[in-house]
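A.B. asks: Take a look at target22.cif, mmCIF, C-alpha atoms:
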data_my_file
loop_
_atom_site.label_atom_id
_atom_site.label_comp_id
_atom_site.auth_asym_id
_atom_site.auth_seq_id
_atom_site.Cartn_x
_atom_site.Cartn_y
_atom_site.Cartn_z
CA MET J 20 0.00 0.00 0.00
CA MET J 21 2.78 2.45 0.98
CA LYS J 22 4.51 1.58 -2.26
CA ILE J 23 1.43 2.58 -4.27
CA ILE J 24 1.04 5.83 -2.30
CA ARG J 25 4.71 6.71 -2.90
CA LYS J 26 4.37 6.05 -6.62
CA LEU J 27 1.11 7.96 -6.73
CA ALA J 28 2.81 10.91 -5.05
CA LEU J 29 5.70 10.69 -7.50
CA GLY J 30 3.29 10.58 -10.43
CA LEU J 31 1.34 13.60 -9.18
CA THR J 32 4.55 15.53 -8.59
CA VAL J 33 5.64 14.85 -12.17
CA ALA J 34 2.21 15.91 -13.45
CA ALA J 35 2.24 19.08 -11.33
CA ALA J 36 5.78 19.94 -12.39
CA THR J 37 4.75 19.65 -16.03
CA GLN J 38 1.87 22.05 -15.42
CA MET J 39 4.14 24.50 -13.59
CA THR J 40 6.70 24.44 -16.40
CA TYR J 41 3.88 25.12 -18.84
CA ALA J 42 2.65 27.99 -16.68
CA ALA J 43 5.85 29.81 -17.48
CA ASP J 44 8.38 32.28 -16.20
CA THR J 45 8.18 35.42 -18.27
CA GLY J 46 5.10 36.63 -16.48
CA PHE J 47 1.59 37.43 -17.56
CA ASP J 48 0.42 39.99 -15.04
CA MET J 49 1.77 43.05 -13.29
CA GLN J 50 3.19 41.02 -10.42
CA THR J 51 5.12 38.57 -12.54
CA VAL J 52 5.85 40.11 -15.95
CA ASP J 53 9.58 40.21 -16.62
CA PRO J 54 10.52 42.01 -19.84
CA GLU J 55 14.12 40.86 -19.73
CA ALA J 56 13.04 37.24 -19.34
CA ASP J 57 10.74 37.77 -22.33
CA ARG J 58 13.60 39.11 -24.42
CA ILE J 59 15.93 36.27 -23.52
CA ALA J 60 13.22 33.65 -24.08
CA LEU J 61 12.49 35.11 -27.51
CA GLN J 62 16.15 34.98 -28.49
CA LYS J 63 16.33 31.39 -27.25
CA TYR J 64 13.26 30.52 -29.30
CA TYR J 65 14.81 31.87 -32.48
CA LYS J 66 18.17 30.31 -31.75
CA SER J 67 16.37 26.99 -31.63
CA ARG J 68 14.24 27.68 -34.73
CA PHE J 69 17.02 29.07 -36.93
CA PRO J 70 20.33 27.90 -35.45
CA ASN J 71 22.34 29.21 -38.41
CA THR J 72 21.13 32.80 -38.09
CA GLU J 73 23.29 35.16 -36.07
CA LEU J 74 21.39 37.17 -33.49
CA ALA J 75 22.57 40.48 -34.97
CA ASP J 76 21.20 39.51 -38.37
CA TYR J 77 17.56 39.51 -37.21
CA VAL J 78 17.46 43.24 -37.92
CA ASN J 79 17.15 42.16 -41.55
CA GLY J 80 13.78 40.50 -40.99
CA ILE J 81 12.84 37.64 -43.29
CA TYR J 82 16.17 38.07 -45.10
CA SER J 83 17.95 36.79 -42.02
CA VAL J 84 16.27 33.40 -42.25
CA ASP J 85 15.41 32.80 -45.91
CA ALA J 86 18.36 32.53 -48.27
CA ASP J 87 16.42 33.01 -51.52
CA SER J 88 14.69 36.15 -50.30
CA ARG J 89 18.00 37.44 -49.02
CA GLU J 90 19.64 37.03 -52.41
CA GLN J 91 16.97 39.18 -54.06
CA TRP J 92 17.11 41.74 -51.27
CA VAL J 93 20.90 42.12 -51.47
CA GLU J 94 20.52 42.96 -55.15
CA LEU J 95 17.71 45.38 -54.35
CA GLU J 96 19.86 47.16 -51.78
CA GLU J 97 22.43 48.03 -54.48
CA PHE J 98 20.03 50.82 -55.45
CA PRO J 99 17.88 51.14 -52.32
CA PRO J 100 14.30 52.12 -53.17
CA TYR J 101 14.12 54.34 -50.08
CA GLU J 102 17.12 56.47 -51.09
CA PHE J 103 15.11 59.34 -52.55
CA ASP J 104 12.81 59.30 -49.51
CA VAL J 105 15.78 59.75 -47.19
CA GLU J 106 16.93 62.73 -49.27
CA GLN J 107 13.44 64.18 -49.28
CA GLY J 108 13.17 63.52 -45.55
CA GLU J 109 16.40 65.40 -44.92
CA GLU J 110 15.13 68.36 -46.90
CA LEU J 111 11.83 68.38 -45.00
CA PHE J 112 13.64 67.99 -41.70
CA ASN J 113 15.81 71.01 -42.42
CA THR J 114 13.05 73.23 -43.77
CA ALA J 115 12.13 75.82 -41.16
CA PHE J 116 8.55 76.23 -39.97
CA ALA J 117 6.74 79.52 -40.55
CA ASN J 118 7.89 80.69 -37.11
CA GLY J 119 11.53 80.14 -38.02
CA LYS J 120 12.01 77.07 -35.84
CA GLY J 121 12.46 73.51 -37.04
CA TYR J 122 12.37 69.85 -36.08
CA ALA J 123 15.89 70.09 -34.68
CA ASP J 124 14.55 72.41 -31.99
CA CYS J 125 12.14 69.77 -30.71
CA PHE J 126 14.46 66.82 -30.25
CA GLU J 127 17.47 65.86 -28.21
CA ASN J 128 20.74 66.23 -30.14
CA GLY J 129 18.92 68.20 -32.82
CA GLY J 130 17.04 65.03 -33.82
CA ILE J 131 20.18 63.34 -35.15
CA GLY J 132 20.97 59.76 -34.11
CA ILE J 133 18.03 59.27 -31.76
CA ARG J 134 15.73 56.77 -33.52
CA HIS J 135 16.94 53.87 -31.37
CA LYS J 136 15.61 55.62 -28.26
CA TYR J 137 12.03 55.35 -29.49
CA PRO J 138 9.45 54.55 -28.33
CA TYR J 139 9.92 55.62 -24.74
CA TRP J 140 7.79 55.94 -21.63
CA ASN J 141 6.78 59.53 -20.90
CA LYS J 142 6.13 59.76 -17.18
CA GLU J 143 4.60 63.24 -17.28
CA GLU J 144 2.03 62.25 -19.89
CA GLY J 145 1.67 58.70 -18.61
CA THR J 146 1.94 57.18 -22.07
CA VAL J 147 4.27 55.63 -24.63
CA LYS J 148 5.64 58.18 -27.10
CA THR J 149 6.72 57.23 -30.61
CA LEU J 150 9.02 59.08 -32.97
CA GLU J 151 6.28 59.87 -35.48
CA GLN J 152 4.05 61.11 -32.67
CA GLU J 153 6.73 63.58 -31.56
CA ILE J 154 7.39 64.69 -35.14
CA ASN J 155 3.76 65.75 -35.37
CA GLU J 156 3.73 67.24 -31.88
CA CYS J 157 6.71 69.33 -32.91
CA ARG J 158 4.80 70.63 -35.89
CA VAL J 159 1.66 71.46 -33.92
CA LYS J 160 3.67 73.15 -31.15
CA ASN J 161 5.19 75.40 -33.80
CA GLY J 162 1.92 76.33 -35.45
CA GLU J 163 2.04 73.82 -38.32
CA GLU J 164 -0.60 71.28 -39.23
CA ALA J 165 -0.04 67.68 -38.20
CA LEU J 166 0.99 65.34 -41.02
CA LYS J 167 -0.96 62.22 -41.95
CA TRP J 168 0.40 59.28 -39.99
CA SER J 169 1.01 56.45 -42.40
CA LYS J 170 3.02 57.60 -45.38
CA GLY J 171 4.39 60.56 -47.26
CA PRO J 172 6.27 63.34 -45.44
CA ILE J 173 6.02 61.85 -41.94
CA ALA J 174 7.52 58.57 -43.14
CA GLN J 175 10.23 60.47 -45.04
CA ILE J 176 11.22 62.58 -42.03
CA SER J 177 11.19 59.46 -39.86
CA ALA J 178 13.30 57.66 -42.48
CA TYR J 179 15.88 60.43 -42.45
CA MET J 180 16.02 60.37 -38.65
CA ALA J 181 16.40 56.59 -38.74
CA TRP J 182 19.15 56.93 -41.33
CA THR J 183 21.12 59.19 -39.00
CA SER J 184 20.72 56.57 -36.26
CA ARG J 185 21.93 53.53 -38.18
CA ASP J 186 24.01 51.09 -36.13
CA LYS J 187 22.98 52.62 -32.84
CA VAL J 188 21.85 49.96 -30.39
CA PHE J 189 18.25 49.81 -29.19
CA ASP J 190 18.04 50.22 -25.43
CA ILE J 191 14.37 50.75 -24.64
CA GLN J 192 13.81 51.41 -20.96
CA ILE J 193 10.87 50.43 -18.78
CA PRO J 194 11.26 52.69 -15.76
CA GLU J 195 10.77 50.80 -12.54
CA ASP J 196 9.56 53.86 -10.65
CA ASP J 197 6.39 54.06 -12.72
CA PRO J 198 4.29 50.88 -12.83
CA ARG J 199 2.27 52.35 -15.68
CA ALA J 200 5.27 51.79 -17.96
CA LYS J 201 5.32 48.09 -17.16
CA ALA J 202 1.55 48.00 -17.62
CA ALA J 203 1.95 49.50 -21.10
CA TYR J 204 4.60 46.89 -21.91
CA LEU J 205 2.31 44.12 -20.65
CA GLU J 206 -0.57 45.45 -22.74
CA GLY J 207 1.68 45.43 -25.80
CA LYS J 208 2.80 41.89 -25.06
CA LYS J 209 -0.78 40.76 -24.58
CA PHE J 210 -1.83 42.39 -27.84
CA PHE J 211 0.95 40.59 -29.70
CA TYR J 212 -0.09 37.16 -28.46
CA SER J 213 -3.90 37.53 -28.54
CA LYS J 214 -5.86 36.05 -31.40
CA ARG J 215 -8.32 38.45 -32.95
CA GLY J 216 -10.39 39.13 -36.05
CA GLN J 217 -12.53 36.84 -38.16
CA LEU J 218 -9.45 34.84 -39.16
CA ASN J 219 -8.62 34.31 -35.47
CA LEU J 220 -4.97 35.31 -35.86
CA SER J 221 -2.55 36.89 -33.44
CA CYS J 222 0.57 38.81 -34.43
CA ALA J 223 2.47 35.82 -33.03
CA ASN J 224 0.71 33.35 -35.32
CA CYS J 225 2.48 34.91 -38.31
CA HIS J 226 5.54 36.56 -36.80
CA LEU J 227 6.51 34.00 -34.16
CA GLN J 228 5.21 30.51 -34.93
CA GLY J 229 4.75 31.50 -38.58
CA SER J 230 8.19 33.05 -39.11
CA ASN J 231 9.45 31.94 -42.53
CA ILE J 232 6.38 29.77 -43.13
CA ARG J 233 4.40 30.59 -46.25
CA ILE J 234 1.10 32.43 -46.05
CA ARG J 235 0.16 32.04 -49.70
CA ALA J 236 3.10 33.75 -51.47
CA ASP J 237 4.41 35.62 -48.42
CA LEU J 238 6.98 34.65 -45.85
CA PRO J 239 6.35 36.45 -42.54
CA GLY J 240 9.42 37.91 -40.88
CA PRO J 241 10.52 37.07 -37.34
CA GLN J 242 9.31 39.05 -34.33
CA LEU J 243 12.90 39.48 -33.17
CA GLY J 244 14.29 42.61 -34.85
CA HIS J 245 10.89 43.36 -36.32
CA VAL J 246 10.86 47.09 -35.67
CA THR J 247 14.51 47.99 -36.19
CA HIS J 248 14.26 48.69 -39.92
CA PHE J 249 11.16 50.89 -39.95
CA PRO J 250 9.99 52.96 -41.71
CA VAL J 251 10.17 50.69 -44.74
CA PHE J 252 9.84 50.98 -48.48
CA ARG J 253 7.53 48.08 -49.16
CA SER J 254 7.33 46.76 -52.72
CA LYS J 255 3.66 45.94 -52.21
CA TRP J 256 2.99 49.58 -51.33
CA GLY J 257 5.37 50.93 -53.94
CA GLU J 258 6.35 53.59 -51.41
CA LEU J 259 7.56 54.28 -47.92
CA GLY J 260 5.34 53.64 -44.90
CA THR J 261 5.53 53.81 -41.12
CA LEU J 262 5.44 50.96 -38.63
CA HIS J 263 1.91 51.88 -37.64
CA ARG J 264 0.79 51.70 -41.26
CA ARG J 265 2.01 48.12 -41.21
CA TYR J 266 0.28 47.49 -37.88
CA SER J 267 -3.03 48.73 -39.30
CA GLY J 268 -2.55 46.58 -42.39
CA CYS J 269 -1.80 43.43 -40.36
CA HIS J 270 -4.72 44.13 -38.06
CA ARG J 271 -7.01 44.49 -41.09
CA ASP J 272 -5.56 41.33 -42.65
CA SER J 273 -6.73 39.34 -39.63
CA ARG J 274 -10.18 40.75 -40.49
CA SER J 275 -10.29 42.94 -37.43
CA HIS J 276 -11.73 46.41 -37.63
CA PRO J 277 -8.32 48.10 -37.79
CA LEU J 278 -7.11 50.53 -35.19
CA LYS J 279 -5.80 53.86 -36.37
CA PRO J 280 -2.04 54.51 -36.52
CA GLN J 281 -0.73 55.84 -33.20
CA ALA J 282 -3.67 54.37 -31.25
CA GLU J 283 -2.59 53.63 -27.69
CA GLU J 284 -2.78 49.87 -28.35
CA PHE J 285 -0.34 50.19 -31.27
CA ARG J 286 2.03 52.39 -29.29
CA ASN J 287 2.07 49.81 -26.50
CA LEU J 288 2.68 47.10 -29.08
CA GLU J 289 5.60 49.09 -30.46
CA TYR J 290 6.95 49.49 -26.93
CA PHE J 291 6.85 45.72 -26.38
CA GLN J 292 8.30 44.89 -29.79
CA SER J 293 11.05 47.47 -29.48
CA TYR J 294 12.04 46.16 -26.07
CA MET J 295 12.31 42.72 -27.67
CA SER J 296 14.85 44.27 -30.07
CA ASN J 297 17.05 45.69 -27.32
CA GLY J 298 20.67 44.91 -28.10
CA LEU J 299 20.05 45.00 -31.85
CA VAL J 300 20.94 47.99 -34.00
CA ALA J 301 18.68 50.47 -35.74
CA ASN J 302 18.94 49.89 -39.50
CA GLY J 303 16.02 51.83 -40.92
CA PRO J 304 14.80 52.67 -43.36
CA GLY J 305 14.52 49.23 -44.86
CA ALA J 306 13.31 47.65 -48.08
CA ARG J 307 10.76 44.87 -47.83
CA LYS J 308 8.54 42.90 -50.21
CA MET Q 19 3.05 1.00 -16.33
CA ASN Q 20 2.53 0.67 -12.58
CA LYS Q 21 -0.77 1.49 -10.83
CA GLY Q 22 0.40 4.70 -9.16
CA LEU Q 23 1.52 6.28 -12.40
CA ILE Q 24 -1.67 5.20 -14.20
CA ILE Q 25 -3.86 6.80 -11.50
CA ALA Q 26 -1.77 9.98 -11.60
CA ALA Q 27 -2.04 10.14 -15.38
CA VAL Q 28 -5.81 9.71 -15.20
CA LEU Q 29 -6.07 12.47 -12.60
CA ALA Q 30 -3.88 14.78 -14.66
CA LEU Q 31 -5.77 14.17 -17.88
CA ALA Q 32 -9.28 14.15 -16.44
CA PRO Q 33 -9.83 17.92 -16.92
CA THR Q 34 -8.74 17.59 -20.54
CA PHE Q 35 -11.32 14.90 -21.24
CA ALA Q 36 -13.99 16.85 -19.38
CA ALA Q 37 -13.16 19.93 -21.48
CA ALA Q 38 -13.41 17.86 -24.66
CA GLU Q 39 -17.04 17.17 -23.84
CA SER Q 40 -18.13 20.77 -23.40
CA PHE Q 41 -21.35 21.89 -25.03
CA GLN Q 42 -19.42 24.32 -27.22
CA ASP Q 43 -17.22 21.56 -28.59
CA ALA Q 44 -20.17 19.23 -29.15
CA PHE Q 45 -22.09 22.01 -30.90
CA GLU Q 46 -19.20 22.99 -33.14
CA MET Q 47 -18.36 19.42 -34.08
CA ASN Q 48 -21.97 18.68 -35.03
CA ARG Q 49 -22.35 21.97 -36.86
CA ALA Q 50 -19.16 21.35 -38.84
CA MET Q 51 -20.19 17.79 -39.68
CA TYR Q 52 -23.90 18.21 -40.38
CA GLY Q 53 -24.55 21.91 -40.99
CA LYS Q 54 -27.44 23.82 -39.46
CA ASP Q 55 -30.70 22.32 -38.17
CA HIS Q 56 -29.12 19.01 -37.23
CA VAL Q 57 -30.29 17.50 -33.93
CA PHE Q 58 -27.60 16.15 -31.60
CA THR Q 59 -27.53 14.82 -28.04
CA TRP Q 60 -25.33 16.30 -25.33
CA GLN Q 61 -25.43 15.02 -21.76
CA GLY Q 62 -28.75 13.28 -22.36
CA LYS Q 63 -30.57 16.25 -23.86
CA GLN Q 64 -31.26 17.11 -27.47
CA TYR Q 65 -30.09 20.31 -29.15
CA THR Q 66 -30.00 21.63 -32.72
CA THR Q 67 -26.99 23.00 -34.54
CA GLN Q 68 -28.74 26.29 -35.22
CA HIS Q 69 -26.86 29.42 -34.13
CA GLU Q 70 -28.94 31.73 -31.97
CA GLU Q 71 -28.85 34.37 -34.71
CA GLU Q 72 -30.27 31.92 -37.24
CA ALA Q 73 -33.16 31.36 -34.88
CA GLU Q 74 -33.58 35.11 -34.46
CA ALA Q 75 -33.70 35.59 -38.24
CA ALA Q 76 -36.28 32.83 -38.68
CA VAL Q 77 -39.18 35.08 -37.80
CA LYS Q 78 -41.79 36.75 -39.97
CA ALA Q 79 -40.04 39.15 -42.35
CA THR Q 80 -41.55 42.41 -41.21
CA LYS Q 81 -40.08 45.86 -40.82
CA ALA Q 82 -40.48 45.74 -37.04
CA ASN Q 83 -38.71 42.37 -36.75
CA ALA Q 84 -35.90 43.46 -39.04
CA GLU Q 85 -35.38 46.69 -37.12
CA ALA Q 86 -35.42 44.86 -33.81
CA LEU Q 87 -32.75 42.40 -34.90
CA LEU Q 88 -30.68 45.19 -36.42
CA ASP Q 89 -30.82 47.06 -33.11
CA LYS Q 90 -29.67 43.96 -31.26
CA ALA Q 91 -26.82 43.51 -33.75
CA LYS Q 92 -25.75 47.13 -33.35
CA ALA Q 93 -25.77 46.81 -29.57
CA LYS Q 94 -23.74 43.62 -29.69
CA ASN Q 95 -21.23 45.23 -32.05
CA ALA Q 96 -20.88 48.23 -29.76
CA GLU Q 97 -20.14 45.78 -26.96
CA VAL Q 98 -17.39 44.00 -28.88
CA ALA Q 99 -15.94 47.28 -30.12
CA GLU Q 100 -15.64 48.41 -26.52
CA LEU Q 101 -13.58 45.29 -25.84
CA GLY Q 102 -11.33 46.04 -28.85
CA TYR Q 103 -12.32 42.91 -30.74
CA GLU Q 104 -14.62 44.23 -33.43
CA TRP Q 105 -14.41 42.36 -36.71
CA LYS Q 106 -13.71 44.02 -40.03
CA LEU Q 107 -16.89 43.27 -41.98
CA THR Q 108 -19.49 43.88 -39.29
CA ARG Q 109 -20.09 47.59 -39.84
CA GLY Q 110 -20.61 46.93 -43.55
CA LEU Q 111 -23.16 44.23 -42.76
CA LEU Q 112 -25.02 46.60 -40.45
CA LYS Q 113 -25.11 49.25 -43.17
CA GLU Q 114 -26.34 46.74 -45.74
CA ALA Q 115 -29.03 45.56 -43.34
CA GLN Q 116 -30.24 49.15 -42.90
CA THR Q 117 -30.27 49.62 -46.67
CA ALA Q 118 -32.32 46.44 -47.06
CA ILE Q 119 -34.84 47.75 -44.52
CA ASP Q 120 -35.03 51.06 -46.37
CA GLU Q 121 -35.69 49.16 -49.60
CA GLY Q 122 -38.35 46.98 -47.97
CA ASP Q 123 -36.40 43.72 -48.30
CA TYR Q 124 -36.95 42.59 -44.71
CA GLN Q 125 -35.81 38.99 -45.09
CA LYS Q 126 -32.50 40.18 -46.49
CA ALA Q 127 -32.25 42.66 -43.62
CA LEU Q 128 -32.91 39.92 -41.07
CA ASN Q 129 -30.23 37.70 -42.59
CA LEU Q 130 -27.64 40.49 -42.70
CA ALA Q 131 -28.40 41.66 -39.17
CA ALA Q 132 -28.15 38.07 -37.95
CA GLN Q 133 -24.77 37.73 -39.61
CA ALA Q 134 -23.55 40.98 -38.07
CA LYS Q 135 -24.73 39.92 -34.63
CA TYR Q 136 -23.02 36.56 -35.03
CA HIS Q 137 -19.74 38.34 -35.89
CA ALA Q 138 -20.07 40.50 -32.81
CA ARG Q 139 -20.93 37.58 -30.55
CA MET Q 140 -17.96 35.59 -31.86
CA GLY Q 141 -15.70 38.59 -31.30
CA ILE Q 142 -16.80 38.74 -27.68
CA GLN Q 143 -16.18 35.02 -27.31
CA GLN Q 144 -12.76 35.52 -28.89
CA TYR Q 145 -11.98 38.29 -26.42
CA HIS Q 146 -12.76 36.04 -23.45
CA TYR Q 147 -10.75 33.22 -24.96
CA ALA Q 148 -7.79 35.56 -25.45
CA GLN Q 149 -8.00 36.82 -21.88
CA ALA Q 150 -7.74 33.27 -20.58
CA ASN Q 151 -5.27 31.82 -23.05
CA TRP Q 152 -3.01 34.43 -24.65
CA HIS Q 153 -0.12 33.47 -22.40
CA LEU Q 154 0.03 29.95 -23.84
CA ALA Q 155 1.70 31.28 -26.99
CA VAL Q 156 4.55 33.08 -25.22
CA PRO Q 157 7.95 31.40 -25.59
CA GLN Q 158 9.58 30.44 -22.32
#
Could you quickly redo this structure as structure tokens?

C.D. replies:
Amino acid sequence: MMKIIRKLALGLTVAAATQMTYAADTGFDMQTVDPEADRIALQKYYKSRFPNTELADYVNGIYSVDADSREQWVELEEFPPYEFDVEQGEELFNTAFANGKGYADCFENGGIGIRHKYPYWNKEEGTVKTLEQEINECRVKNGEEALKWSKGPIAQISAYMAWTSRDKVFDIQIPEDDPRAKAAYLEGKKFFYSKRGQLNLSCANCHLQGSNIRIRADLPGPQLGHVTHFPVFRSKWGELGTLHRRYSGCHRDSRSHPLKPQAEEFRNLEYFQSYMSNGLVANGPGARK
Amino acid sequence: MNKGLIIAAVLALAPTFAAAESFQDAFEMNRAMYGKDHVFTWQGKQYTTQHEEEAEAAVKATKANAEALLDKAKAKNAEVAELGYEWKLTRGLLKEAQTAIDEGDYQKALNLAAQAKYHARMGIQQYHYAQANWHLAVPQ
């Protein structure tokens, strides 16, 4: 009898341990969420999925894991399709507003080499701030009209600012003295992993489990390094677009009623995704299919 | 396998088997296999594979009935939108249902409103599923 009880106890312990392992370590609520554990777990996941890809190469999206796509992309980069947009963005960036001031007056270091610091948690406003958001705030503060969010001048200015930040390492901070920052991160994480829309798809379905697995003719890029190369010149668009344009498009593709660019949910998502890219370099603007 | 481990395995897997017999699963399996209006038995009672919206649309095609179902669909969609899980096509369906009412095609309006309400109800269900399960997809 004692022998059976001992074995039963052993069996239950094994079963319980399995459940506990499954219940995870990276945290799913405010008490347990651990962004750094998330980042390390994500890197480990990709190391296991694509053992031949160097961590630093994930900034190149799908081209880091699919050799055929990479070959085409390397050729494309000989004459980068975003080149004229960077030039145009520089011109716009340096054109003074009607009041004589300019974008350089609104940003740290005159707006040069700062892309990798975005998005960040703004304690005073209690929200995540993105680069494009602050470009428009700069305009409004100086008496100019806000630009449209998804493409055109705002993407060009953002592309120029990204260009001046190339090779700078992402180091997104989640200040510990303000729990709202961690809450925003957690909301972004939750958004990424939650299935939604008529097609019942989460961001993770395509960009984590579905990395480099065909969705019809497309190969979704990995979540790791996903945001480093934005804004991007996307062949499908035939022009430059912002990260939030892509977010809206993906959201719509899942047959959800799409959120608008710069919605709080998208800014939190960007916060989470950018934190996941900490340690990788900014390499925007990029060229994608 | 020895007795202790067998009992432990049964205990560990029991919730899984219980979950596999939920009404939702039984309904969806029968609906997928036999389509609507099929009668199936779950836990000793009989049910049909009709969605609640299909039942709501199977009323007399009058303006009042069409408007009532459209109102219910709009309310349900407002509920799912509040949760952030509104589906893409629902607003279009609601508009088309209103147009059908305006044109006097009440059966079409009932069908469209039922479809819109179904989308909204599924979105709400999806929201609750996500709340309970999103963490399962996170790499550890």

A.B. asks: What residues come out when you apply the PyMOL selection byres ((chain Q and resi 65) around 12) to this file, written as a list in words?

C.D. replies: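 On the file shown, the PyMOL selection byres ((chain Q and resi 65) around 12) covers Phe41, Gln42, Ala44, Phe45, Glu46, Asn48, Arg49, Lys54, Asp55, His56, Val57, Phe58, Thr59, Trp60, Gln61, Gly62, Lys63, Gln64, Thr66, Thr67, Gln68, His69 and Glu70 of chain Q.
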
A.B. asks: So that I can see what lies close to range 86-90 of chain J, please list as a VMD selection string the residues with an atom at most 10 Å from it, counting only C-alpha atoms and leaving out residues fewer than 4 positions away in the same chain.

C.D. replies: chain J and resid 79 to 82 94 to 95 238 307 to 308

A.B. asks: Would you mind exporting the chosen residues as a JSON list (two decimals), in the frame of the given file, restricted to C-alpha atoms?

C.D. replies:
[["chain", "number", "residue", "atom", "x", "y", "z"],
["J", 79, "ASN", "CA", 17.15, 42.16, -41.55],
["J", 80, "GLY", "CA", 13.78, 40.50, -40.99],
["J", 81, "ILE", "CA", 12.84, 37.64, -43.29],
["J", 82, "TYR", "CA", 16.17, 38.07, -45.10],
["J", 94, "GLU", "CA", 20.52, 42.96, -55.15],
["J", 95, "LEU", "CA", 17.71, 45.38, -54.35],
["J", 238, "LEU", "CA", 6.98, 34.65, -45.85],
["J", 307, "ARG", "CA", 10.76, 44.87, -47.83],
["J", 308, "LYS", "CA", 8.54, 42.90, -50.21]]

A.B. asks: Hey, can you check how far CA of Gly162 in chain J sits from CA of Ala123 in chain J?

C.D. replies: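 Going from CA of Gly162 in chain J over to CA of Ala123 in chain J, I get 15.3 Å.
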
A.B. asks: Measure the distance from CA of Gly119 in chain J to CA of Leu166 in chain J in Å and round it to one decimal.

C.D. replies: 18.4 Å

A.B. asks: What's the 12 Å shell around range 190-199 of chain J, counting all atoms listed in the file, without same-chain residues fewer than 5 positions away, as a PDB file with C-alpha atoms, keeping the file's coordinate frame?

C.D. replies:
ATOM      1  CA  ASP J  48       0.420  39.990 -15.040  1.00  0.00           C
ATOM      2  CA  MET J  49       1.770  43.050 -13.290  1.00  0.00           C
ATOM      3  CA  GLN J  50       3.190  41.020 -10.420  1.00  0.00           C
ATOM      4  CA  VAL J  52       5.850  40.110 -15.950  1.00  0.00           C
ATOM      5  CA  ASP J  53       9.580  40.210 -16.620  1.00  0.00           C
ATOM      6  CA  PRO J  54      10.520  42.010 -19.840  1.00  0.00           C
ATOM      7  CA  GLU J  55      14.120  40.860 -19.730  1.00  0.00           C
ATOM      8  CA  ARG J  58      13.600  39.110 -24.420  1.00  0.00           C
ATOM      9  CA  ILE J 133      18.030  59.270 -31.760  1.00  0.00           C
ATOM     10  CA  ARG J 134      15.730  56.770 -33.520  1.00  0.00           C
ATOM     11  CA  HIS J 135      16.940  53.870 -31.370  1.00  0.00           C
ATOM     12  CA  LYS J 136      15.610  55.620 -28.260  1.00  0.00           C
ATOM     13  CA  TYR J 137      12.030  55.350 -29.490  1.00  0.00           C
ATOM     14  CA  PRO J 138       9.450  54.550 -28.330  1.00  0.00           C
ATOM     15  CA  TYR J 139       9.920  55.620 -24.740  1.00  0.00           C
ATOM     16  CA  TRP J 140       7.790  55.940 -21.630  1.00  0.00           C
ATOM     17  CA  ASN J 141       6.780  59.530 -20.900  1.00  0.00           C
ATOM     18  CA  LYS J 142       6.130  59.760 -17.180  1.00  0.00           C
ATOM     19  CA  GLU J 143       4.600  63.240 -17.280  1.00  0.00           C
ATOM     20  CA  GLU J 144       2.030  62.250 -19.890  1.00  0.00           C
ATOM     21  CA  GLY J 145       1.670  58.700 -18.610  1.00  0.00           C
ATOM     22  CA  THR J 146       1.940  57.180 -22.070  1.00  0.00           C
ATOM     23  CA  VAL J 147       4.270  55.630 -24.630  1.00  0.00           C
ATOM     24  CA  LYS J 148       5.640  58.180 -27.100  1.00  0.00           C
ATOM     25  CA  THR J 149       6.720  57.230 -30.610  1.00  0.00           C
ATOM     26  CA  TYR J 204       4.600  46.890 -21.910  1.00  0.00           C
ATOM     27  CA  LEU J 205       2.310  44.120 -20.650  1.00  0.00           C
ATOM     28  CA  GLU J 206      -0.570  45.450 -22.740  1.00  0.00           C
ATOM     29  CA  THR J 247      14.510  47.990 -36.190  1.00  0.00           C
ATOM     30  CA  ASN J 287       2.070  49.810 -26.500  1.00  0.00           C
ATOM     31  CA  GLU J 289       5.600  49.090 -30.460  1.00  0.00           C
ATOM     32  CA  TYR J 290       6.950  49.490 -26.930  1.00  0.00           C
ATOM     33  CA  PHE J 291       6.850  45.720 -26.380  1.00  0.00           C
ATOM     34  CA  GLN J 292       8.300  44.890 -29.790  1.00  0.00           C
ATOM     35  CA  SER J 293      11.050  47.470 -29.480  1.00  0.00           C
ATOM     36  CA  TYR J 294      12.040  46.160 -26.070  1.00  0.00           C
ATOM     37  CA  MET J 295      12.310  42.720 -27.670  1.00  0.00           C
ATOM     38  CA  SER J 296      14.850  44.270 -30.070  1.00  0.00           C
ATOM     39  CA  ASN J 297      17.050  45.690 -27.320  1.00  0.00           C
ATOM     40  CA  GLY J 298      20.670  44.910 -28.100  1.00  0.00           C
ATOM     41  CA  LEU J 299      20.050  45.000 -31.850  1.00  0.00           C
ATOM     42  CA  VAL J 300      20.940  47.990 -34.000  1.00  0.00           C
ATOM     43  CA  ALA J 301      18.680  50.470 -35.740  1.00  0.00           C
TER      44      ALA J 301
END

A.B. asks: Any chance you could resolve the PyMOL selection byres ((chain J and resi 261-275) around 8) against this file and give the residues as a PyMOL selection string?

C.D. replies: (chain J and resi 168-170+174+215-222+246+249-251+259-260+276-281+285) or (chain Q and resi 103-107)

A.B. asks: Exactly which residues make up the result of the PyMOL selection byres ((chain Q and resi 118-127) around 8) on this file, given as a list in words?

C.D. replies: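 Evaluating the PyMOL selection byres ((chain Q and resi 118-127) around 8) on these coordinates yields Ala75, Ala79, Thr80, Lys81, Ala84, Glu85, Leu88, Glu114, Ala115, Gln116, Thr117, Leu128, Asn129, Leu130 and Ala131 of chain Q.
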
A.B. asks: Pick the closest to chain Q from J:Asn128, J:Ser67, J:Asn231, J:Asn161: which is it, counting only C-alpha atoms?

C.D. replies: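 Of J:Asn128, J:Ser67, J:Asn231, J:Asn161, the one nearest chain Q is J:Ser67, counting only C-alpha atoms.
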